[in-house]
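Enquirer: Compact mmCIF, C-alpha atoms and all ligand atoms, saved as entry_13.txt, coming up:
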# COMPACT_ATOMS: atom_id res chain seq x y z
CA MET A 635 65.64 99.15 -65.72
CA THR A 636 65.91 95.35 -66.17
CA GLN A 637 68.58 94.33 -68.66
CA PRO A 638 67.39 92.07 -71.53
CA LEU A 639 68.12 88.42 -70.79
CA SER A 640 70.79 86.89 -72.99
CA GLN A 641 70.04 83.33 -74.11
CA LEU A 642 73.71 82.89 -74.91
CA ASP A 643 76.55 82.21 -72.52
CA ALA A 644 79.93 83.95 -72.60
CA ASN A 645 81.09 81.52 -75.31
CA GLY A 646 78.20 82.48 -77.61
CA ARG A 647 76.50 79.10 -77.04
CA LEU A 648 72.87 78.63 -76.01
CA ARG A 649 72.21 78.48 -72.32
CA HIS A 650 68.47 79.00 -72.79
CA LEU A 651 66.24 78.91 -75.88
CA ILE A 652 63.32 81.25 -75.39
CA THR A 653 63.03 82.94 -78.76
CA LEU A 654 64.61 82.91 -82.20
CA ASP A 655 64.81 86.73 -82.12
CA GLY A 656 68.40 87.77 -82.62
CA LEU A 657 69.73 84.23 -83.00
CA GLU A 658 72.58 84.26 -85.51
CA PRO A 659 72.02 82.35 -88.77
CA ALA A 660 75.29 80.45 -88.15
CA LEU A 661 73.91 79.07 -84.89
CA MET A 662 70.64 78.12 -86.60
CA HIS A 663 72.59 76.32 -89.34
CA GLU A 664 74.59 74.47 -86.69
CA LEU A 665 71.35 73.28 -85.04
CA LEU A 666 69.92 72.27 -88.44
CA GLU A 667 73.05 70.21 -89.17
CA ARG A 668 73.00 68.62 -85.76
CA ALA A 669 69.31 67.71 -86.13
CA GLN A 670 70.07 66.24 -89.54
CA ALA A 671 72.44 63.82 -87.83
CA TYR A 672 69.54 62.55 -85.67
CA GLN A 673 67.40 61.61 -88.67
CA CYS A 674 66.06 58.09 -88.77
CA PRO A 675 64.19 56.31 -91.58
CA PRO A 676 60.83 54.86 -90.47
CA GLY A 677 61.14 51.32 -89.14
CA GLN A 678 64.74 51.69 -87.97
CA LEU A 679 65.78 52.06 -84.36
CA PRO A 680 66.08 55.76 -83.53
CA PRO A 681 69.53 57.25 -82.91
CA ARG A 682 70.56 57.50 -79.27
CA GLY A 683 73.32 59.32 -77.46
CA GLU A 684 74.88 59.87 -74.08
CA ASP A 685 74.92 63.67 -74.24
CA LEU A 686 72.43 64.02 -71.37
CA ARG A 687 73.48 61.00 -69.30
CA GLY A 688 72.81 61.88 -65.63
CA TRP A 689 70.74 64.96 -66.52
CA THR A 690 67.10 65.52 -65.64
CA VAL A 691 64.70 67.30 -67.98
CA ALA A 692 61.34 68.56 -66.68
CA ASN A 693 58.47 69.27 -69.07
CA LEU A 694 56.15 71.85 -67.49
CA PHE A 695 53.17 72.20 -69.78
CA ALA A 696 50.30 74.48 -68.76
CA GLU A 697 48.60 74.18 -72.18
CA PRO A 698 47.64 71.05 -74.12
CA SER A 699 50.27 69.48 -76.36
CA THR A 700 50.80 66.24 -78.23
CA ARG A 701 53.80 66.82 -80.50
CA THR A 702 56.00 69.19 -78.50
CA ARG A 703 55.69 67.44 -75.18
CA ALA A 704 56.09 63.90 -76.55
CA SER A 705 59.03 64.91 -78.74
CA PHE A 706 60.88 66.71 -75.94
CA GLU A 707 60.37 63.64 -73.76
CA LEU A 708 61.62 61.25 -76.46
CA ALA A 709 64.52 63.56 -77.33
CA ALA A 710 65.66 63.73 -73.71
CA LEU A 711 65.24 59.97 -73.15
CA ARG A 712 67.13 59.13 -76.35
CA LEU A 713 70.01 61.29 -75.14
CA GLY A 714 70.12 59.43 -71.83
CA ALA A 715 68.31 61.89 -69.51
CA ASP A 716 65.74 61.24 -66.81
CA VAL A 717 62.46 62.99 -67.61
CA VAL A 718 59.73 64.45 -65.42
CA ASN A 719 56.44 65.42 -67.08
CA LEU A 720 54.43 67.79 -64.94
CA ASP A 721 50.92 68.57 -66.04
CA VAL A 722 50.76 72.02 -64.50
CA MET A 723 46.97 71.88 -64.19
CA LEU A 724 47.33 68.78 -61.97
CA SER A 725 50.25 70.20 -59.99
CA SER A 726 50.30 72.13 -56.72
CA ARG A 727 49.96 75.36 -58.73
CA VAL A 728 46.21 74.81 -58.60
CA LYS A 729 46.54 74.91 -54.79
CA GLY A 730 48.15 78.33 -54.99
CA GLU A 731 51.84 77.48 -55.36
CA SER A 732 53.64 80.10 -57.44
CA ILE A 733 55.42 79.09 -60.63
CA ILE A 734 58.74 80.02 -59.06
CA ASP A 735 58.09 77.80 -56.05
CA THR A 736 57.28 74.98 -58.50
CA ILE A 737 60.59 75.65 -60.26
CA TYR A 738 62.56 75.78 -56.99
CA THR A 739 60.88 72.53 -55.88
CA LEU A 740 61.94 70.73 -59.05
CA GLU A 741 65.41 72.31 -58.95
CA ALA A 742 65.79 70.76 -55.48
CA MET A 743 65.20 67.40 -57.21
CA GLN A 744 68.13 68.23 -59.51
CA VAL A 745 66.34 69.21 -62.67
CA ASP A 746 68.84 70.56 -65.21
CA VAL A 747 66.53 71.70 -68.02
CA PHE A 748 62.99 73.06 -67.85
CA VAL A 749 60.83 72.94 -70.98
CA ILE A 750 57.98 75.39 -70.50
CA ARG A 751 54.68 75.77 -72.34
CA ASP A 752 52.45 78.50 -71.01
CA SER A 753 49.80 80.94 -72.19
CA GLN A 754 51.28 83.80 -70.19
CA PRO A 755 53.56 86.10 -72.21
CA GLY A 756 56.96 86.57 -70.59
CA ILE A 757 56.76 83.58 -68.24
CA THR A 758 59.61 81.67 -69.91
CA GLU A 759 62.05 84.56 -69.56
CA PHE A 760 60.84 85.17 -66.01
CA ILE A 761 61.67 81.57 -65.09
CA ALA A 762 65.03 81.77 -66.87
CA ARG A 763 65.92 84.78 -64.70
CA HIS A 764 65.23 82.76 -61.52
CA VAL A 765 66.86 79.39 -62.17
CA ALA A 766 70.26 78.38 -60.80
CA GLY A 767 73.35 79.13 -62.87
CA HIS A 768 73.73 75.61 -64.27
CA VAL A 769 70.03 75.23 -65.21
CA SER A 770 68.61 75.92 -68.69
CA VAL A 771 65.12 76.91 -69.82
CA ILE A 772 63.64 76.07 -73.23
CA SER A 773 60.35 77.39 -74.53
CA GLY A 774 57.90 74.73 -75.65
CA GLY A 775 55.51 77.47 -76.82
CA GLU A 776 54.83 80.83 -75.20
CA ALA A 777 51.40 82.44 -75.67
CA HIS A 778 51.13 83.79 -79.24
CA ILE A 779 54.72 84.98 -79.08
CA SER A 780 57.25 82.25 -79.64
CA HIS A 781 57.73 78.55 -80.38
CA PRO A 782 61.44 78.43 -81.23
CA THR A 783 61.97 74.70 -81.69
CA GLN A 784 58.92 74.61 -83.99
CA GLY A 785 60.46 77.40 -86.11
CA LEU A 786 63.70 75.43 -86.34
CA LEU A 787 62.04 72.10 -87.19
CA ASP A 788 59.98 73.84 -89.87
CA ALA A 789 63.18 75.31 -91.34
CA LEU A 790 64.77 71.83 -91.25
CA THR A 791 61.79 70.35 -93.09
CA ILE A 792 61.99 73.00 -95.81
CA LEU A 793 65.75 72.53 -96.15
CA GLN A 794 65.38 68.76 -96.52
CA HIS A 795 62.84 69.13 -99.31
CA LYS A 796 64.16 72.20 -101.10
CA GLY A 797 67.91 72.10 -100.43
CA ASP A 798 68.29 75.84 -99.82
CA PHE A 799 66.30 78.80 -98.53
CA ARG A 800 67.38 81.35 -101.10
CA GLY A 801 65.00 81.80 -103.99
CA LEU A 802 62.12 80.07 -102.21
CA ALA A 803 58.66 81.58 -101.86
CA VAL A 804 56.89 80.53 -98.66
CA THR A 805 53.31 81.38 -97.81
CA ILE A 806 51.85 81.15 -94.31
CA VAL A 807 48.07 80.88 -94.27
CA GLY A 808 45.38 81.26 -91.62
CA ASP A 809 45.23 82.68 -88.14
CA ILE A 810 48.65 84.34 -88.21
CA ARG A 811 47.69 87.02 -85.69
CA HIS A 812 47.39 84.52 -82.82
CA SER A 813 50.13 82.13 -83.94
CA ARG A 814 53.43 81.61 -82.16
CA VAL A 815 54.32 79.07 -84.86
CA ALA A 816 54.05 81.75 -87.57
CA ARG A 817 56.14 84.22 -85.58
CA SER A 818 58.95 81.72 -85.00
CA ALA A 819 58.79 80.50 -88.62
CA HIS A 820 59.16 84.11 -89.76
CA ARG A 821 62.18 84.63 -87.48
CA ALA A 822 63.86 81.45 -88.68
CA LEU A 823 63.14 81.90 -92.38
CA ALA A 824 64.07 85.61 -92.43
CA ALA A 825 67.38 84.86 -90.67
CA LEU A 826 68.13 81.95 -93.01
CA GLY A 827 67.53 84.15 -96.07
CA VAL A 828 64.31 82.79 -97.57
CA GLY A 829 63.56 84.54 -100.86
CA GLU A 830 59.98 85.64 -100.27
CA LEU A 831 57.53 85.30 -97.40
CA ARG A 832 53.82 85.84 -97.92
CA LEU A 833 51.05 86.01 -95.33
CA VAL A 834 47.50 85.03 -96.27
CA ALA A 835 44.69 85.71 -93.80
CA PRO A 836 41.36 87.43 -93.38
CA ALA A 837 41.81 90.95 -91.98
CA GLU A 838 40.94 89.91 -88.42
CA MET A 839 43.62 87.19 -88.44
CA MET A 840 46.36 89.34 -89.96
CA PRO A 841 49.09 90.42 -87.51
CA GLU A 842 49.69 94.09 -86.63
CA SER A 843 51.39 96.04 -89.41
CA HIS A 844 54.68 96.46 -87.48
CA GLU A 845 55.10 92.67 -87.28
CA PHE A 846 56.46 90.22 -89.90
CA HIS A 847 58.82 92.76 -91.42
CA GLY A 848 59.43 92.12 -95.12
CA ALA A 849 56.45 89.78 -95.65
CA ARG A 850 53.85 90.50 -98.34
CA ARG A 851 50.26 90.38 -97.16
CA HIS A 852 47.30 88.95 -99.07
CA THR A 853 43.66 88.54 -98.11
CA SER A 854 43.10 86.41 -101.22
CA PHE A 855 44.42 82.85 -100.83
CA ASP A 856 44.38 82.36 -104.62
CA GLU A 857 46.76 85.30 -105.00
CA GLY A 858 48.94 84.40 -102.05
CA ILE A 859 49.50 80.78 -103.10
CA ALA A 860 50.31 81.46 -106.77
CA GLY A 861 53.70 79.99 -107.71
CA VAL A 862 54.97 79.32 -104.16
CA ASP A 863 57.33 76.52 -103.10
CA VAL A 864 56.02 76.03 -99.58
CA VAL A 865 52.49 76.36 -98.16
CA MET A 866 52.35 76.45 -94.38
CA MET A 867 48.80 76.10 -93.01
CA LEU A 868 47.71 77.17 -89.52
CA ARG A 869 44.69 76.25 -87.48
CA ILE A 870 42.40 78.89 -86.00
CA GLN A 871 43.68 79.44 -82.45
CA LYS A 872 40.28 79.22 -80.74
CA GLU A 873 41.87 79.44 -77.30
CA ARG A 874 43.28 82.90 -78.09
CA ILE A 875 40.30 84.43 -79.90
CA ALA A 876 38.02 85.59 -77.12
CA GLY A 877 34.55 85.33 -78.64
CA ALA A 878 35.60 86.16 -82.21
CA MET A 879 35.66 82.74 -83.89
CA PRO A 880 34.43 82.79 -87.48
CA THR A 881 30.79 81.76 -87.27
CA ASP A 882 30.65 80.19 -90.71
CA ILE A 883 33.33 77.48 -90.85
CA GLU A 884 32.21 76.31 -94.31
CA ARG A 885 32.75 79.82 -95.62
CA TYR A 886 36.18 79.97 -93.91
CA HIS A 887 37.14 76.70 -95.60
CA GLU A 888 35.93 78.03 -98.93
CA LEU A 889 38.09 81.16 -98.64
CA TYR A 890 41.09 79.97 -96.59
CA GLY A 891 41.05 76.16 -96.69
CA LEU A 892 43.78 74.37 -98.62
CA THR A 893 42.10 72.14 -101.19
CA ALA A 894 43.67 70.19 -104.06
CA ALA A 895 42.32 72.76 -106.52
CA ARG A 896 43.94 75.61 -104.65
CA LEU A 897 47.20 73.73 -104.17
CA ALA A 898 47.39 73.37 -107.96
CA ARG A 899 48.08 77.14 -108.10
CA ALA A 900 51.38 76.64 -106.22
CA LYS A 901 54.48 75.22 -107.94
CA PRO A 902 54.02 71.56 -108.96
CA GLN A 903 56.65 70.42 -106.41
CA ALA A 904 55.35 72.66 -103.64
CA ILE A 905 55.28 71.12 -100.17
CA VAL A 906 52.39 71.40 -97.71
CA MET A 907 53.19 71.96 -94.04
CA HIS A 908 51.09 72.18 -90.89
CA PRO A 909 52.46 72.32 -87.32
CA GLY A 910 49.45 70.43 -85.97
CA PRO A 911 47.02 69.91 -84.49
CA MET A 912 45.06 69.99 -87.77
CA ASN A 913 41.38 70.71 -88.15
CA ARG A 914 40.58 68.70 -91.25
CA GLY A 915 37.89 70.29 -93.38
CA VAL A 916 38.54 73.71 -91.85
CA GLU A 917 42.01 75.00 -92.79
CA ILE A 918 43.02 71.90 -94.76
CA ALA A 919 41.18 69.26 -96.78
CA SER A 920 41.87 65.67 -95.74
CA ASP A 921 43.09 64.57 -99.17
CA VAL A 922 45.69 67.37 -99.15
CA ALA A 923 46.78 66.65 -95.56
CA ASP A 924 47.41 63.00 -96.53
CA GLY A 925 48.46 63.69 -100.12
CA PRO A 926 51.81 63.32 -101.87
CA GLN A 927 52.84 66.95 -101.32
CA SER A 928 52.20 66.84 -97.58
CA VAL A 929 55.30 66.78 -95.35
CA ILE A 930 53.32 67.09 -92.14
CA ARG A 931 54.48 63.78 -90.65
CA ARG A 932 58.04 64.61 -91.60
CA GLN A 933 57.66 67.78 -89.51
CA VAL A 934 56.64 65.60 -86.57
CA ALA A 935 59.68 63.33 -87.03
CA ASN A 936 61.91 66.38 -87.32
CA GLY A 937 60.49 67.63 -84.02
CA VAL A 938 62.29 64.87 -82.15
CA ALA A 939 65.53 65.39 -84.09
CA MET A 940 65.53 69.17 -83.59
CA ARG A 941 64.78 68.87 -79.87
CA MET A 942 67.64 66.36 -79.53
CA ALA A 943 69.89 68.87 -81.31
CA VAL A 944 68.90 71.73 -78.99
CA LEU A 945 69.27 69.63 -75.83
CA ALA A 946 72.65 68.23 -76.92
CA HIS A 947 73.88 71.73 -77.80
CA ILE A 948 72.85 73.06 -74.38
CA ALA A 949 74.57 70.12 -72.65
CA ASP A 950 77.78 70.71 -74.63
CA ALA A 951 77.67 74.40 -73.75
CA ARG A 952 77.36 73.63 -70.03
CA ARG A 953 80.25 71.16 -70.13
CA ARG A 954 82.36 73.78 -71.87
CA ARG A 955 81.50 76.40 -69.25
CA ALA A 956 82.42 73.95 -66.49
CA SER A 957 85.76 72.88 -68.02
N1 LIG B 1 52.97 72.05 -83.13
C1 LIG B 1 52.68 71.94 -81.82
O1 LIG B 1 53.16 72.75 -81.00
O2 LIG B 1 51.87 70.90 -81.51
P1 LIG B 1 51.41 70.52 -80.03
O3 LIG B 1 50.50 71.64 -79.55
O4 LIG B 1 50.68 69.20 -80.16
O5 LIG B 1 52.63 70.43 -79.18
What's the C-alpha cells form of this structure?
Ligand code: CP

Expert:
Amino acid sequence: MTQPLSQLDANGRLRHLITLDGLEPALMHELLERAQAYQCPPGQLPPRGEDLRGWTVANLFAEPSTRTRASFELAALRLGADVVNLDVMLSSRVKGESIIDTIYTLEAMQVDVFVIRDSQPGITEFIARHVAGHVSVISGGEAHISHPTQGLLDALTILQHKGDFRGLAVTIVGDIRHSRVARSAHRALAALGVGELRLVAPAEMMPESHEFHGARRHTSFDEGIAGVDVVMMLRIQKERIAGAMPTDIERYHELYGLTAARLARAKPQAIVMHPGPMNRGVEIASDVADGPQSVIRRQVANGVAMRMAVLAHIADARRRRAS
C-alpha cells in the first residue's frame, strides 16, 4: 500500500503545500505572521526580498485563474525568483504529453517550485511524489478538494479585522459542496480555533454529512447569518455541476444572495468576504460587494502576502536541509 505523502520535511518544515489537512496550528500562525510582514498600504512600493534569488517558480494552471496565478507570479518575482507561466491548455499536454513528462521537462530547465491548479483530484500529490528531492509542489487549487493558500489568506483577512479567532461566528454561504475554498477555509478556521462555523446552502449544494465536522448547517440564509462576525460568500461552481445549475437565478439570489437587508441580520461590524470571481447579482449584490463591510479586495492583497510567506518558508526549509 502507498504510504501517505508527508508535506513536511524531517525538520517539521513545509516541503510541499498540498492541503491544510493535518497542518499544525503553530505552523499556520507562523505563516500568518510572516504574511503580515509582507503587508503594504495601497500606493506604496510593495515589499521585496531575496529569499528566492536564483530560484525558478513554474505556474502550471489547467483551469482559469486571475487571483491565484497573478499573485503567485508577483509573490515569486518580489522574492527574486524567475517565473514561468505555463497555460497547460496551450502546452504540449494537448499533443499527448503526460503531466509527468511536462514536469520532468520543466525540472530539466531547473524549476524549483511547481504551483499546480488542476481539476483532477489527486494530481498535486501525484506530482509531488515524482519531483526531484530539492523540488517543491504547491497547490493553487485542486478540484473541489483543496485550495490551501486561499484558506490561509482568508484566515489572515479575518485575523486582521477581528484580532482573534476565538469567539467568532463565521458563516460560509452558497455552493459549499463543490467548493475547494470552503474546504480549506474550514480546515484553517477549525485548526485556528474559530468559535462557531455555520454552513448555509440549498440541499443540493450542501456537502456530504461526514464533511465539515463541527459546522452547523442551515438551509435558511436568514437563520444562518443571524449575529455572525464573518460572512463568506461563494459563487456557484458551474464547471463542477454537471447539468444541475439552478434554473432560476433570480430565485437563487432571493434565497441565497447577500443583500444589504440580509447583511443587517449579522453583527453591525461583520465583514463580508468572497474569494472571487464574483457573480454580482447572483450570490452577492453589487452594493454589498463594494460596501463598507466588504474586505474582498483586502483578501486579494493578502493573496500576494500569503503566497510570499509560503514561498519564503519553503525556501528557508530547503536551505536548512542543505546546510
Ligand atoms: N480565489 C481564486 O482562486 O480565484 P482565481 O480562480 O481567480 O485564482

Enquirer: Do you know which residues are within 12 Å of ligand LIG 1 (chain B) using only C-alpha atoms and all ligand atoms? Can you write them as a PyMOL selection string?

Expert: chain A and resi 693+695-707+749-753+773-778+780-788+813-816+818-819+867-869+871+873+907-912+930-931+933-938

Enquirer: Take CA of Val718 (chain A) and CA of Thr758 (chain A) and report the distance between them in Å, one decimal.

Expert: 17.8 Å

Enquirer: For region 847-863 of chain A, list every protein, DNA or RNA residue within 6 Å, evaluated using all atoms listed in the file, and leave out those in the same chain fewer than 4 positions away; present the list as a VMD selection string.

Expert: chain A and resid 803 to 804 831 to 836 899 to 901 904

Enquirer: Restricting the calculation to only C-alpha atoms, which member of A:Ile875, A:Leu802, A:Ala949, A:Ile792 is positioned closest to Leu666 (chain A)?

Expert: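 So, comparing all the options, the nearest one is A:Ile792.
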
Enquirer: Calculate how many Å separate CA of Ala923 (chain A) from CA of Glu842 (chain A), rounding to one decimal.

Expert: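 Atom-to-atom, CA of Ala923 (chain A) to CA of Glu842 (chain A), that is 29.0 Å.
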
Enquirer: With distances taken over all atoms listed in the file, which of A:Gln673, A:Gln903, A:Asn913, A:Gln794 is nearest to Pro926 (chain A)?

Expert: A:Gln903

Enquirer: To one decimal place, how far is CA of Glu684 (chain A) from CA of Val747 (chain A) in Å?

Expert: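 Value for the CA of Glu684 (chain A)-CA of Val747 (chain A) distance: 15.7 Å.
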
Enquirer: Identify which of the residues A:Trp689, A:Tyr738, A:Tyr672, A:Phe846 lies closest to Ala715 (chain A), counting all atoms listed in the file when measuring atom-to-atom distances.

Expert: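 Closest candidate: A:Trp689.
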
Enquirer: Quick one: everything within 9 Å of Glu917 (chain A), counting all atoms listed in the file, minus sequence neighbours fewer than 2 positions away in the same chain. Send it as a VMD selection string.

Expert: chain A and resid 807 to 808 867 to 870 886 to 887 890 to 893 912 to 915 919

Enquirer: What lies within 12 Å of Met743 (chain A) using all atoms listed in the file, ignoring chain neighbours under 3 positions off, as a short mmCIF file (atom, residue, chain, number, x, y, z; two decimals) with C-alpha atoms, in the coordinates of the input?

Expert:
data_model
loop_
_atom_site.label_atom_id
_atom_site.label_comp_id
_atom_site.auth_asym_id
_atom_site.auth_seq_id
_atom_site.Cartn_x
_atom_site.Cartn_y
_atom_site.Cartn_z
CA TRP A 689 70.74 64.96 -66.52
CA THR A 690 67.10 65.52 -65.64
CA VAL A 691 64.70 67.30 -67.98
CA ALA A 692 61.34 68.56 -66.68
CA ASP A 716 65.74 61.24 -66.81
CA VAL A 717 62.46 62.99 -67.61
CA VAL A 718 59.73 64.45 -65.42
CA THR A 736 57.28 74.98 -58.50
CA ILE A 737 60.59 75.65 -60.26
CA TYR A 738 62.56 75.78 -56.99
CA THR A 739 60.88 72.53 -55.88
CA LEU A 740 61.94 70.73 -59.05
CA ASP A 746 68.84 70.56 -65.21
CA VAL A 747 66.53 71.70 -68.02
#

Enquirer: Fewer than 5 positions away in the same chain doesn't count, so skip those; otherwise give me all residues within 10 Å of region 639-642 of chain A, counting only C-alpha atoms, as a ChimeraX atom specification.

Expert: /A:647-654,656-657,759-760,762-763,770-772,948,951

Enquirer: Taking all atoms listed in the file into account, which of A:Glu658, A:Val722, A:Ala709, A:Leu694 comes nearest Pro680 (chain A)?

Expert: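 Using all atoms listed in the file, the shortest distance to Pro680 (chain A) belongs to A:Ala709.
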
Enquirer: Enclose region 935-946 of chain A, meaning all of its atoms listed in the file, in a box aligned along x, y and z, pad it by 6 Å on each side, and list the centre and edge lengths in Å to one decimal, as lines of an AutoDock Vina configuration file.

Expert:
center_x = 66.2
center_y = 67.5
center_z = -81.6
size_x = 25.0
size_y = 20.4
size_z = 23.5

Enquirer: Could you check the closest approach to Glu667 (chain A) for each of A:Arg954, A:Val864, A:Met942, A:Arg932 and tell me which residue wins, using only C-alpha atoms?

Expert: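 Between A:Arg954, A:Val864, A:Met942, A:Arg932, the residue approaching Glu667 (chain A) most closely is A:Met942.
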